[in-house]
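K.L.:
Got a structure for you, run_5.tsv, holding TSV, C-alpha atoms.
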chain	number	residue	atom	x	y	z
E	1	MET	CA	-171.73	126.94	51.16
E	2	TYR	CA	-172.69	123.49	49.93
E	3	SER	CA	-173.99	122.62	46.49
E	4	LEU	CA	-175.70	119.29	45.78
E	5	SER	CA	-177.27	118.44	42.46
E	6	GLN	CA	-180.78	116.97	42.54
E	7	ILE	CA	-180.35	113.22	42.23
E	8	LYS	CA	-182.57	110.18	42.31
E	9	PRO	CA	-182.04	107.57	45.04
E	10	ASP	CA	-180.07	105.32	42.67
E	11	ASP	CA	-177.88	108.10	41.24
E	12	VAL	CA	-174.37	109.26	42.09
E	13	GLY	CA	-174.05	112.87	43.23
E	14	LEU	CA	-171.34	115.31	44.21
E	15	ILE	CA	-171.49	117.63	47.20
E	16	ARG	CA	-169.34	120.64	46.37
E	17	ILE	CA	-168.13	122.86	49.17
E	18	LEU	CA	-168.06	126.39	47.76
E	19	GLN	CA	-165.13	128.42	49.03
E	20	THR	CA	-164.45	132.12	48.82
E	21	GLU	CA	-163.88	133.87	45.51
E	22	THR	CA	-160.24	132.77	45.60
E	23	PRO	CA	-159.79	130.32	42.70
E	24	SER	CA	-158.87	126.83	43.83
E	25	SER	CA	-155.65	125.20	42.67
E	26	PHE	CA	-156.65	121.63	43.46
E	27	ARG	CA	-159.74	119.49	43.86
E	28	LEU	CA	-159.91	116.89	46.61
E	29	ILE	CA	-162.54	114.28	45.77
E	30	CYS	CA	-163.63	112.45	48.92
E	31	PHE	CA	-164.99	108.89	48.96
E	32	PRO	CA	-166.80	108.28	52.29
E	33	GLU	CA	-167.19	104.84	53.83
E	34	SER	CA	-170.97	104.85	53.24
E	35	ALA	CA	-173.84	106.84	51.77
E	36	HIS	CA	-174.49	108.34	55.20
E	37	SER	CA	-171.01	109.55	56.18
E	38	THR	CA	-170.38	112.66	54.10
E	39	ALA	CA	-170.65	115.09	57.04
E	40	TYR	CA	-167.02	114.58	58.05
E	41	TYR	CA	-165.75	115.85	54.72
E	42	LEU	CA	-167.92	118.92	54.87
E	43	SER	CA	-166.40	119.82	58.22
E	44	LEU	CA	-162.92	118.91	56.98
E	45	SER	CA	-163.24	121.48	54.22
E	46	GLU	CA	-163.58	124.24	56.81
E	47	LEU	CA	-159.98	123.61	57.92
E	48	LEU	CA	-158.50	123.37	54.43
E	49	LEU	CA	-157.11	126.39	52.65
E	50	PRO	CA	-159.32	127.86	49.89
E	51	THR	CA	-156.77	126.64	47.37
E	52	VAL	CA	-158.06	123.09	48.00
E	53	GLU	CA	-161.66	122.67	46.85
E	54	VAL	CA	-163.51	119.70	48.34
E	55	LEU	CA	-166.10	117.56	46.59
E	56	ALA	CA	-167.64	114.64	48.47
E	57	ILE	CA	-169.15	111.71	46.61
E	58	GLN	CA	-172.80	111.07	47.48
E	59	TYR	CA	-173.42	107.39	46.84
E	60	PRO	CA	-176.79	106.05	45.75
E	61	LEU	CA	-179.06	105.74	48.75
E	62	TYR	CA	-179.27	101.97	48.35
E	63	VAL	CA	-175.66	101.77	49.58
E	64	GLY	CA	-176.09	101.18	53.29
E	65	VAL	CA	-173.97	102.09	56.31
E	66	ASP	CA	-172.38	98.64	56.49
E	67	ASP	CA	-172.42	97.88	52.78
E	68	ASP	CA	-168.68	97.32	52.69
E	69	GLU	CA	-168.70	94.68	49.97
E	70	ARG	CA	-170.89	96.69	47.61
E	71	LEU	CA	-168.53	99.67	47.71
E	72	THR	CA	-165.40	97.55	47.42
E	73	ASP	CA	-166.44	95.33	44.55
E	74	SER	CA	-168.74	97.53	42.48
E	75	ALA	CA	-167.08	98.19	39.15
E	76	ASP	CA	-170.36	99.71	37.95
E	77	LEU	CA	-170.41	102.23	40.79
E	78	ALA	CA	-166.78	103.16	40.06
E	79	ASP	CA	-167.66	103.71	36.40
E	80	ARG	CA	-170.62	105.92	37.32
E	81	ILE	CA	-168.50	108.03	39.67
E	82	PHE	CA	-165.86	108.41	36.97
E	83	GLY	CA	-168.55	109.68	34.61
E	84	ALA	CA	-169.85	112.13	37.22
E	85	LEU	CA	-166.36	113.63	37.60
E	86	GLY	CA	-166.15	114.58	33.93
E	87	GLU	CA	-166.80	118.30	34.37
E	88	TRP	CA	-164.58	118.56	37.47
E	89	MET	CA	-161.29	117.56	35.86
E	90	ASP	CA	-160.16	121.08	34.99
E	91	ARG	CA	-158.03	121.25	38.15
E	92	PRO	CA	-155.34	118.85	39.37
E	93	LEU	CA	-157.11	116.11	41.33
E	94	ALA	CA	-156.48	114.14	44.49
E	95	PHE	CA	-158.71	111.41	45.93
E	96	PHE	CA	-159.31	110.71	49.62
E	97	GLY	CA	-161.02	107.42	50.42
E	98	HIS	CA	-161.82	106.15	53.91
E	99	ARG	CA	-162.32	102.47	54.71
E	100	ALA	CA	-164.45	100.93	51.92
E	101	GLY	CA	-164.28	104.31	50.17
E	102	ALA	CA	-160.53	103.78	49.79
E	103	ASP	CA	-161.14	100.72	47.63
E	104	LEU	CA	-163.62	102.64	45.51
E	105	ALA	CA	-161.26	105.62	45.17
E	106	TYR	CA	-158.57	103.23	43.95
E	107	ARG	CA	-160.90	101.81	41.30
E	108	VAL	CA	-161.81	105.27	40.03
E	109	ALA	CA	-158.14	106.31	40.02
E	110	GLU	CA	-157.38	103.26	37.85
E	111	ARG	CA	-160.12	104.28	35.44
E	112	LEU	CA	-158.83	107.87	35.35
E	113	GLU	CA	-155.31	106.82	34.37
E	114	ARG	CA	-156.50	104.20	31.90
E	115	GLU	CA	-159.08	106.38	30.13
E	116	THR	CA	-157.39	109.80	30.21
E	117	GLY	CA	-153.70	109.07	30.69
E	118	THR	CA	-153.76	111.52	33.59
E	119	ALA	CA	-152.57	110.48	37.03
E	120	LEU	CA	-153.83	111.87	40.30
E	121	LEU	CA	-151.55	114.09	42.31
E	122	THR	CA	-152.14	111.87	45.34
E	123	LEU	CA	-154.41	109.00	46.31
E	124	PHE	CA	-155.08	109.08	50.06
E	125	VAL	CA	-156.26	105.71	51.38
E	126	SER	CA	-157.43	105.81	54.98
E	127	GLY	CA	-158.23	103.06	57.46
E	128	ARG	CA	-157.93	100.29	54.90
E	129	THR	CA	-155.61	97.41	54.12
E	130	ALA	CA	-154.80	96.51	50.52
E	131	HIS	CA	-155.90	92.91	50.96
E	132	TRP	CA	-158.25	92.55	48.01
E	133	GLY	CA	-157.44	91.60	44.44
E	134	MET	CA	-153.69	91.66	45.00
E	135	SER	CA	-151.86	90.56	41.88
E	136	LEU	CA	-148.25	89.75	41.10
E	137	GLY	CA	-148.21	91.93	38.00
E	138	PRO	CA	-146.95	95.51	37.68
E	139	PRO	CA	-148.71	98.24	39.70
E	140	GLU	CA	-151.88	99.65	38.16
E	141	LEU	CA	-151.24	103.26	39.21
E	142	GLY	CA	-148.42	105.72	38.71
E	143	CYS	CA	-149.55	108.35	41.22
E	144	ARG	CA	-148.36	108.84	44.78
E	145	ILE	CA	-150.27	106.85	47.37
E	146	VAL	CA	-150.45	108.06	50.97
E	147	ALA	CA	-151.91	105.53	53.42
E	148	LEU	CA	-153.36	106.68	56.75
E	149	ALA	CA	-153.90	104.35	59.69
E	150	GLY	CA	-154.61	104.34	63.40
E	151	GLU	CA	-151.82	102.70	65.35
E	152	GLY	CA	-154.26	100.72	67.48
E	153	ASP	CA	-156.83	99.67	64.88
E	154	PRO	CA	-157.13	95.86	64.96
E	155	LYS	CA	-158.97	95.85	61.61
E	156	THR	CA	-156.15	97.58	59.75
E	157	PRO	CA	-152.83	96.05	60.80
E	158	LEU	CA	-149.94	98.12	59.53
E	159	ARG	CA	-148.56	95.21	57.52
E	160	GLY	CA	-151.75	95.19	55.46
E	161	VAL	CA	-151.77	98.98	55.11
E	162	ARG	CA	-148.18	98.93	53.84
E	163	ALA	CA	-149.32	96.58	51.06
E	164	TRP	CA	-150.70	99.66	49.26
E	165	ARG	CA	-147.13	100.36	48.16
E	166	ARG	CA	-147.50	97.48	45.69
E	167	ARG	CA	-150.41	99.29	44.04
E	168	THR	CA	-148.35	102.11	42.54
E	169	SER	CA	-145.12	102.60	40.66
E	170	GLY	CA	-144.95	106.07	42.22
E	171	ARG	CA	-144.07	107.17	45.71
E	172	PHE	CA	-145.68	105.58	48.75
E	173	ASP	CA	-145.97	107.10	52.23
E	174	LEU	CA	-147.50	105.72	55.41
E	175	GLU	CA	-148.85	108.05	58.10
E	176	VAL	CA	-149.78	106.50	61.46
E	177	PHE	CA	-151.95	108.41	63.93
E	178	PRO	CA	-152.56	107.79	67.63
E	179	GLY	CA	-155.67	105.84	68.52
E	180	ALA	CA	-157.67	103.26	66.65
E	181	ARG	CA	-160.62	103.69	64.29
E	182	TYR	CA	-161.53	107.31	65.02
E	183	TYR	CA	-158.27	109.09	64.28
E	184	LEU	CA	-159.93	111.15	61.53
E	185	ASP	CA	-161.81	112.96	64.29
E	186	SER	CA	-159.18	113.03	67.01
E	187	SER	CA	-156.37	114.01	64.60
E	188	ARG	CA	-158.39	116.13	62.19
E	189	ARG	CA	-155.93	119.02	62.04
E	190	GLU	CA	-153.03	116.64	61.52
E	191	VAL	CA	-154.92	115.04	58.62
E	192	VAL	CA	-155.55	118.49	57.12
E	193	ASN	CA	-151.85	119.36	57.46
E	194	LEU	CA	-150.97	116.13	55.69
E	195	VAL	CA	-153.27	116.99	52.78
E	196	HIS	CA	-151.75	120.47	52.59
E	197	ASP	CA	-148.20	119.13	52.68
E	198	GLN	CA	-148.91	116.68	49.88
E	199	LEU	CA	-150.85	118.97	47.55
E	200	LEU	CA	-149.23	122.35	48.07
E	201	SER	CA	-145.85	120.94	47.11
E	202	TYR	CA	-147.17	120.68	43.56
E	203	VAL	CA	-147.31	123.49	41.01
E	204	PRO	CA	-150.39	123.46	38.74
E	205	VAL	CA	-149.38	122.43	35.24
E	206	ASP	CA	-152.47	123.74	33.42
E	207	ALA	CA	-150.99	126.69	31.53
E	208	GLU	CA	-154.36	128.03	30.42
E	209	TRP	CA	-155.69	128.00	33.97
E	210	GLU	CA	-152.53	129.73	35.24
E	211	THR	CA	-152.94	132.46	32.65
E	212	GLY	CA	-156.54	133.02	33.66
E	213	PHE	CA	-155.56	133.20	37.30
E	214	GLU	CA	-152.87	135.78	36.60
E	215	ASP	CA	-155.30	137.84	34.57
E	216	GLN	CA	-157.41	138.25	37.72
E	217	GLY	CA	-154.60	140.12	39.36
E	218	ALA	CA	-153.41	137.31	41.67
Let me see the file written as structure tokens.

P.N.:
Amino acid sequence: MYSLSQIKPDDVGLIRILQTETPSSFRLICFPESAHSTAYYLSLSELLLPTVEVLAIQYPLYVGVDDDERLTDSADLADRIFGALGEWMDRPLAFFGHRAGADLAYRVAERLERETGTALLTLFVSGRTAHWGMSLGPPELGCRIVALAGEGDPKTPLRGVRAWRRRTSGRFDLEVFPGARYYLDSSRREVVNLVHDQLLSYVPVDAEWETGFEDQGA
């Protein structure tokens, strides 16, 4: 089941994929490449275990299919997404951003650590090089970054994808999939397994949530 709040064309929304009655342990917040590419994440959720709840960002409708620069450079949009996530931070979080959505996910992850002192479990950056705004200072993030790339994608050379390692003081992993730009479709199950491997290795640290879960007889 899908749940989408009523939003105006210039608002940020969240599409929540409702799982079974099994309480989720993690929330995977997905940042699509455009306002019109959320369908992939809805289908991805069908392969994920119920323990991973998926929420897909619905960008304002003025963000077009090829509006790469607006997603990448919009500090205002990142701030608005951060505000929209406020009520969804009661579970450990991971972000998954594809192409321009990876840049936006990184911006929101920065804001999360800066404003709350809480790091993501994992930031997945897919189909994107870390070519923008590179500084010589210390990394902005402390969370694990996992970069995904297609081995034959001319727009994301692996050297540029590896540059994401300079964006975190935490662990960095690079996962390369066969094919070029459409590996998210052709290697969908492998991507799901990667998400599972990264997230399910963690133990939730929210003691109150764990107590509530145990009280339900789990």

K.L.:
Leaving out Glu110 in chain E and any residue of its chain fewer than 4 positions from it, which residues lie within 10 Å of it when counting all atoms listed in the file, given as a list in words?

P.N.:
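After dropping sequence-adjacent residues, the list is Ala78, Phe82, Leu104, Ala105, Tyr106, Arg114, Glu115, Gly117, Thr118, Ala119, Leu120, Glu140, Leu141, Gly142 and Cys143 of chain E.
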
K.L.:
Grab the CA of Pro50 in chain E to CA of Arg99 in chain E distance for me, in Å with one decimal place.

P.N.:
26.0 Å

K.L.:
Counting all atoms listed in the file, what is within 10 Å of Leu121 in chain E, bar same-chain residues fewer than 5 positions away, as an NGL selection string?

P.N.:
:E and (26-28 or 92-95 or 142-145 or 198-199 or 202)

K.L.:
Output C-alpha atoms for every residue in the selection just made, as a PDB file, keeping the file's coordinate frame.

P.N.:
ATOM      1  CA  PHE E  26    -156.650 121.630  43.460  1.00  0.00           C
ATOM      2  CA  ARG E  27    -159.740 119.490  43.860  1.00  0.00           C
ATOM      3  CA  LEU E  28    -159.910 116.890  46.610  1.00  0.00           C
ATOM      4  CA  PRO E  92    -155.340 118.850  39.370  1.00  0.00           C
ATOM      5  CA  LEU E  93    -157.110 116.110  41.330  1.00  0.00           C
ATOM      6  CA  ALA E  94    -156.480 114.140  44.490  1.00  0.00           C
ATOM      7  CA  PHE E  95    -158.710 111.410  45.930  1.00  0.00           C
ATOM      8  CA  GLY E 142    -148.420 105.720  38.710  1.00  0.00           C
ATOM      9  CA  CYS E 143    -149.550 108.350  41.220  1.00  0.00           C
ATOM     10  CA  ARG E 144    -148.360 108.840  44.780  1.00  0.00           C
ATOM     11  CA  ILE E 145    -150.270 106.850  47.370  1.00  0.00           C
ATOM     12  CA  GLN E 198    -148.910 116.680  49.880  1.00  0.00           C
ATOM     13  CA  LEU E 199    -150.850 118.970  47.550  1.00  0.00           C
ATOM     14  CA  TYR E 202    -147.170 120.680  43.560  1.00  0.00           C
TER      15      TYR E 202
END

K.L.:
Identify the residues within 12 Å of coordinate (-161.5, 116.8, 43.0) (same frame as the file), considering all atoms listed in the file, and give the answer as an mmCIF file with C-alpha atoms, in the frame of the given file.

P.N.:
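Dumped to result-v2.cif:
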data_model
loop_
_atom_site.group_PDB
_atom_site.id
_atom_site.type_symbol
_atom_site.label_atom_id
_atom_site.label_comp_id
_atom_site.auth_asym_id
_atom_site.auth_seq_id
_atom_site.Cartn_x
_atom_site.Cartn_y
_atom_site.Cartn_z
ATOM 1 C CA LEU E 14 -171.340 115.310 44.210
ATOM 2 C CA ILE E 15 -171.490 117.630 47.200
ATOM 3 C CA ARG E 16 -169.340 120.640 46.370
ATOM 4 C CA ILE E 17 -168.130 122.860 49.170
ATOM 5 C CA SER E 24 -158.870 126.830 43.830
ATOM 6 C CA SER E 25 -155.650 125.200 42.670
ATOM 7 C CA PHE E 26 -156.650 121.630 43.460
ATOM 8 C CA ARG E 27 -159.740 119.490 43.860
ATOM 9 C CA LEU E 28 -159.910 116.890 46.610
ATOM 10 C CA ILE E 29 -162.540 114.280 45.770
ATOM 11 C CA CYS E 30 -163.630 112.450 48.920
ATOM 12 C CA PHE E 31 -164.990 108.890 48.960
ATOM 13 C CA THR E 51 -156.770 126.640 47.370
ATOM 14 C CA VAL E 52 -158.060 123.090 48.000
ATOM 15 C CA GLU E 53 -161.660 122.670 46.850
ATOM 16 C CA VAL E 54 -163.510 119.700 48.340
ATOM 17 C CA LEU E 55 -166.100 117.560 46.590
ATOM 18 C CA ALA E 56 -167.640 114.640 48.470
ATOM 19 C CA ILE E 57 -169.150 111.710 46.610
ATOM 20 C CA ILE E 81 -168.500 108.030 39.670
ATOM 21 C CA PHE E 82 -165.860 108.410 36.970
ATOM 22 C CA ALA E 84 -169.850 112.130 37.220
ATOM 23 C CA LEU E 85 -166.360 113.630 37.600
ATOM 24 C CA GLY E 86 -166.150 114.580 33.930
ATOM 25 C CA GLU E 87 -166.800 118.300 34.370
ATOM 26 C CA TRP E 88 -164.580 118.560 37.470
ATOM 27 C CA MET E 89 -161.290 117.560 35.860
ATOM 28 C CA ASP E 90 -160.160 121.080 34.990
ATOM 29 C CA ARG E 91 -158.030 121.250 38.150
ATOM 30 C CA PRO E 92 -155.340 118.850 39.370
ATOM 31 C CA LEU E 93 -157.110 116.110 41.330
ATOM 32 C CA ALA E 94 -156.480 114.140 44.490
ATOM 33 C CA PHE E 95 -158.710 111.410 45.930
ATOM 34 C CA PHE E 96 -159.310 110.710 49.620
ATOM 35 C CA GLY E 97 -161.020 107.420 50.420
ATOM 36 C CA ALA E 105 -161.260 105.620 45.170
ATOM 37 C CA VAL E 108 -161.810 105.270 40.030
ATOM 38 C CA ALA E 109 -158.140 106.310 40.020
ATOM 39 C CA LEU E 120 -153.830 111.870 40.300
ATOM 40 C CA LEU E 121 -151.550 114.090 42.310
ATOM 41 C CA THR E 122 -152.140 111.870 45.340
ATOM 42 C CA LEU E 123 -154.410 109.000 46.310
ATOM 43 C CA LEU E 199 -150.850 118.970 47.550
#

K.L.:
Have a look at CA of Glu46 in chain E and CA of Pro23 in chain E and let me know their distance in Å, one decimal.

P.N.:
15.8 Å

K.L.:
I want to know what sits within 9 Å of Arg166 in chain E, based on all atoms listed in the file, with residues of the same chain fewer than 5 positions away left out; could you give that as an mmCIF file with C-alpha atoms, in the frame of the given file?

P.N.:
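In the end it all went to out_30.cif:
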data_model
loop_
_atom_site.group_PDB
_atom_site.id
_atom_site.type_symbol
_atom_site.label_atom_id
_atom_site.label_comp_id
_atom_site.auth_asym_id
_atom_site.auth_seq_id
_atom_site.Cartn_x
_atom_site.Cartn_y
_atom_site.Cartn_z
ATOM 1 C CA ALA E 130 -154.800 96.510 50.520
ATOM 2 C CA MET E 134 -153.690 91.660 45.000
ATOM 3 C CA PRO E 138 -146.950 95.510 37.680
ATOM 4 C CA PRO E 139 -148.710 98.240 39.700
ATOM 5 C CA GLU E 140 -151.880 99.650 38.160
ATOM 6 C CA PHE E 172 -145.680 105.580 48.750
#

K.L.:
State, in Å with one decimal place, the distance from CA of Leu47 in chain E to CA of Asp153 in chain E.

P.N.:
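Value for the CA of Leu47 in chain E-CA of Asp153 in chain E distance: 25.1 Å.
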
K.L.:
Between E:Glu113, E:Val146, E:Val12, E:Ser187, which is the closest to Arg165 in chain E once you count all atoms listed in the file?

P.N.:
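Selected residue with least distance to Arg165 in chain E: E:Val146.
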
K.L.:
I'd like the neighbourhood of Arg189 in chain E as a list of chain:residue names, where a residue qualifies if any of its atoms comes within 10 Å (using only C-alpha atoms), though same-chain residues fewer than 6 positions away should be ignored.

P.N.:
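So, after excluding close chain neighbours, the residues are E:Leu44, E:Leu47, E:Leu48, E:Val195.
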
K.L.:
Please produce a file of those selected residues containing C-alpha atoms, as a PDB file, in the frame of the given file.

P.N.:
ATOM      1  CA  LEU E  44    -162.920 118.910  56.980  1.00  0.00           C
ATOM      2  CA  LEU E  47    -159.980 123.610  57.920  1.00  0.00           C
ATOM      3  CA  LEU E  48    -158.500 123.370  54.430  1.00  0.00           C
ATOM      4  CA  VAL E 195    -153.270 116.990  52.780  1.00  0.00           C
TER       5      VAL E 195
END

K.L.:
When you count all atoms listed in the file, which of these residues is closest to Glu175 in chain E: E:Val192, E:Ala102, E:Val161, E:Leu148?

P.N.:
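Using all atoms listed in the file, the shortest distance to Glu175 in chain E belongs to E:Leu148.
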
K.L.:
Give me, as an NGL selection string, all polymer residues having an atom no more than 9 Å from Tyr40 in chain E, counting all atoms listed in the file and skipping those fewer than 4 positions away in the same chain.

P.N.:
:E and (32 or 44-45 or 184-185)
